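Novice: Following this message is one structure expressed as structure tokens.
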There are 2 protein chains.
Amino acid sequence: MNRKRGTSRDEWASQIAALEQGTPPARKEPITVDRIVTTALRLVETEGFDALTMRRVAAALETGPASLYAHVRNKAELDDLLIGTLSRNVSLPAPDAARWRAQFVDVCAQLRDQFLRYPGIARAALSAPPNNLDTLRITEGMLAILLAGGVAPQPAAWAIDAALLYVSAYTVEASLRGVVDRDEMLARLRMLPVSRFPHTVAHVDKINAGDGHERFEFTLRLLLQGLEG
Amino acid sequence: MNRKRGTSRDEWASQIAALEQGTPPARKEPITVDRIVTTALRLVETEGFDALTMRRVAAALETGPASLYAHVRNKAELDDLLIGTLSRNVSLPAPDAARWRAQFVDVCAQLRDQFLRYPGIARAALSAPPNNLDTLRITEGMLAILLAGGVAPQPAAWAIDAALLYVSAYTVEASLRGVVDRDEMLARLRMLPVSRFPHTVAHVDKINAGDGHERFEFTLRLLLQGLEG
DNA sequence: TCTACGGGCGAACAGTGTTCGTGTCAACTG
DNA sequence: CAGTTGACACGAACACTGTTCGCCCGTAGA
């Protein structure tokens, strides 16, 4: 590719080349933050958060890594944008004092499903929490639900914080669960010496139980049950 | 350092050199897993988990990174060893049915303090949980406390899981808290438009409140309060 | 028409985890 | 005591990572 001084001659040549190809102007559509974010999300969805690399995103956009830094300050900022986009996907209900607990659990479940859809992305959620405006939108919605339910502001704020932390930790662990499968871990638990781990081996089946997100909802209900006094 | 074929001549020279120095044989004490772990822990304690690098550990041991792989399979395994060592530092009480809640909270607080002492190491705890024998020792102890308190096995197992996840998430966030300070975040919260974030700005002081680990113990008590029926 | 500017991007820098092959010492064996 | 063996130490390199520098170029404004 001889790129020596682009005169009208080169332009002429590129126009002719454009005629030859199917796509009309063959002009590469410009890189935008949105294109970066959607590309990154697709990458995380298919290959996991560890595969989310500036180079991989750039390659998927058919460019070099340096091009991304005109639109995104950091990889950290990219991570923030991702969890912001995910947060924008959860819908907040109008607070209903009658069923505030169910509403709260539902919001958490939405967030959980968003995180589970993009394996490992919850690690990013644990590194950026309060700044993001989209995250604040969720906490505001949760606060509205709890206050409508008659919960005092202080316990409400702390419960929201705890719930969000739990959702993140739960999804981080869940996306890790794919690596080591259940049966293998169950077998290892059974190998434990009964002398040192009596209760663990006695209830090994209870420990690993929990089809679907039974465990998840159990914890949240436990958290909410103690509220409102 | 001429290292050409170490004959008895070199040995002789090194013995003489040993005489000159204070330390008797000047023989580099061999690398062991323990030395690696303690060095790594010191590194994390002073510079944080991000500074924990195979190269940094090797440099602190005055060697190259390749030397570590004779004793540690992975960096992941090193991380596991670290959280194992930390777990070994928490002492488990003999279950007392009368004060099972306090005992449970105390164990969690011990783990929390261990994690807080080594900033960021909780991220490693979120990536290795159930395999480690030392972690299982803690869950066994917790299970003993809860069962002694009259909690049913299934809720007990789930509550333990939830508590451990919360401790990890809490400490991860806490070690991040050092980067962005409270006042700055509080100021940003006050800038929010009241139209969109009415409850958040109304109770901004409650949100950020919680001297010490008030928030931490609040959440755990909330979790335990719902148990035992 | 000329100029300035901002995005695109190749190349490079400083790190990272990990492996290969070679060295070198210690202890067991004949 | 001599010789071999095997485990450990480690320099160098590989394939990556995030990030920056500086150049090119196309468009917009004067």
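Following the order of the structure tokens, first chain is A, next is B, and so on, with residues numbered from 1 inside each chain and ligands from 1 in the order they appear.
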Under the rule of at most 10 Å, produce a per-residue listing of chain D near chain B: chain, number, name, the closest pair of atoms, and the distance in Å, as CSV, using only C-alpha atoms (C1' of nucleotides).
Specialist:
residue,atom,partner,partner_atom,distance
D:DA7,C1',B:Ala70,CA,9.4
D:DC8,C1',B:Ala70,CA,7.3
D:DA9,C1',B:Ser67,CA,5.9
D:DC10,C1',B:Ser67,CA,6.1
D:DG11,C1',B:Gly64,CA,8.2
Novice: Can I get the residues of chain C within 9 Å of chain B, each with the closest pair of atoms and their distance in Å to one decimal, using only C-alpha atoms (C1' of nucleotides), sorted chain first then ascending number, as JSON lines?
Specialist:
{"residue": "C:DT16", "atom": "C1'", "partner": "B:Thr53", "partner_atom": "CA", "distance": 8.0}
{"residue": "C:DG17", "atom": "C1'", "partner": "B:Lys75", "partner_atom": "CA", "distance": 7.6}
{"residue": "C:DT18", "atom": "C1'", "partner": "B:Ala66", "partner_atom": "CA", "distance": 8.2}
{"residue": "C:DT19", "atom": "C1'", "partner": "B:Ala66", "partner_atom": "CA", "distance": 8.6}
{"residue": "C:DT24", "atom": "C1'", "partner": "B:Gly6", "partner_atom": "CA", "distance": 7.7}
Novice: Convert the current residue selection to file output with N, CA and C atoms (P, O5', C5', C4', C3', O3' and C1' of nucleotides), as a short mmCIF file (atom, residue, chain, number, x, y, z; two decimals), in the first residue's frame.
Specialist:
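Output file part06.cif is given in full below:
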data_model
loop_
_atom_site.label_atom_id
_atom_site.label_comp_id
_atom_site.auth_asym_id
_atom_site.auth_seq_id
_atom_site.Cartn_x
_atom_site.Cartn_y
_atom_site.Cartn_z
P DT C 16 4.91 -6.70 36.23
"O5'" DT C 16 4.00 -7.79 35.49
"C5'" DT C 16 2.58 -7.62 35.51
"C4'" DT C 16 1.92 -8.69 34.65
"C3'" DT C 16 2.35 -10.11 34.95
"O3'" DT C 16 1.61 -10.60 36.05
"C1'" DT C 16 2.17 -9.74 32.59
P DG C 17 2.11 -11.97 36.74
"O5'" DG C 17 1.71 -13.11 35.71
"C5'" DG C 17 0.34 -13.43 35.50
"C4'" DG C 17 0.21 -14.60 34.53
"C3'" DG C 17 0.76 -15.92 35.08
"O3'" DG C 17 -0.06 -16.99 34.63
"C1'" DG C 17 1.97 -15.30 33.12
P DT C 18 0.24 -18.46 35.19
"O5'" DT C 18 1.27 -19.02 34.12
"C5'" DT C 18 0.88 -19.07 32.75
"C4'" DT C 18 2.01 -19.59 31.90
"C3'" DT C 18 2.73 -20.82 32.46
"O3'" DT C 18 2.52 -21.92 31.58
"C1'" DT C 18 4.26 -19.23 31.59
P DT C 19 3.15 -23.38 31.90
"O5'" DT C 19 4.36 -23.40 30.87
"C5'" DT C 19 4.15 -22.97 29.53
"C4'" DT C 19 5.40 -23.20 28.68
"C3'" DT C 19 6.15 -24.50 28.98
"O3'" DT C 19 6.63 -25.03 27.75
"C1'" DT C 19 7.59 -22.65 29.30
P DT C 24 27.28 -24.02 35.75
"O5'" DT C 24 26.89 -24.41 37.24
"C5'" DT C 24 25.67 -23.87 37.79
"C4'" DT C 24 25.18 -24.75 38.92
"C3'" DT C 24 26.27 -25.63 39.56
"O3'" DT C 24 26.21 -25.46 40.95
"C1'" DT C 24 24.39 -26.92 39.10
#
Novice: Give the residues of chain B that lie within 6 Å of chain A; count only C-alpha atoms, and format the answer as a PyMOL selection string.
Specialist: chain B and resi 140+154+157+165-166+169+200+206-207+222-223+226
Novice: Write out the residues from the selection above, keeping C-alpha atoms, as a CSV table (one decimal), in the first residue's frame.
Specialist:
chain,number,residue,atom,x,y,z
B,140,GLU,CA,-17.6,-26.7,58.7
B,154,GLN,CA,-30.6,-26.6,54.2
B,157,ALA,CA,-25.9,-24.2,54.2
B,165,LEU,CA,-20.1,-14.2,49.4
B,166,TYR,CA,-21.0,-11.1,51.3
B,169,ALA,CA,-17.8,-8.6,48.2
B,200,THR,CA,-31.2,9.4,46.8
B,206,LYS,CA,-28.0,7.9,55.5
B,207,ILE,CA,-26.5,6.2,52.4
B,222,LEU,CA,-30.3,-9.2,59.0
B,223,LEU,CA,-29.2,-12.5,57.4
B,226,GLY,CA,-34.5,-14.7,59.6
Novice: What are the DSSP alpha helix (DSSP H) residues of range 22-167 of chain B, as a PyMOL selection string?
Specialist: chain B and resi 33-47+54-60+75-88+100-117+122-125+133-148+153-167
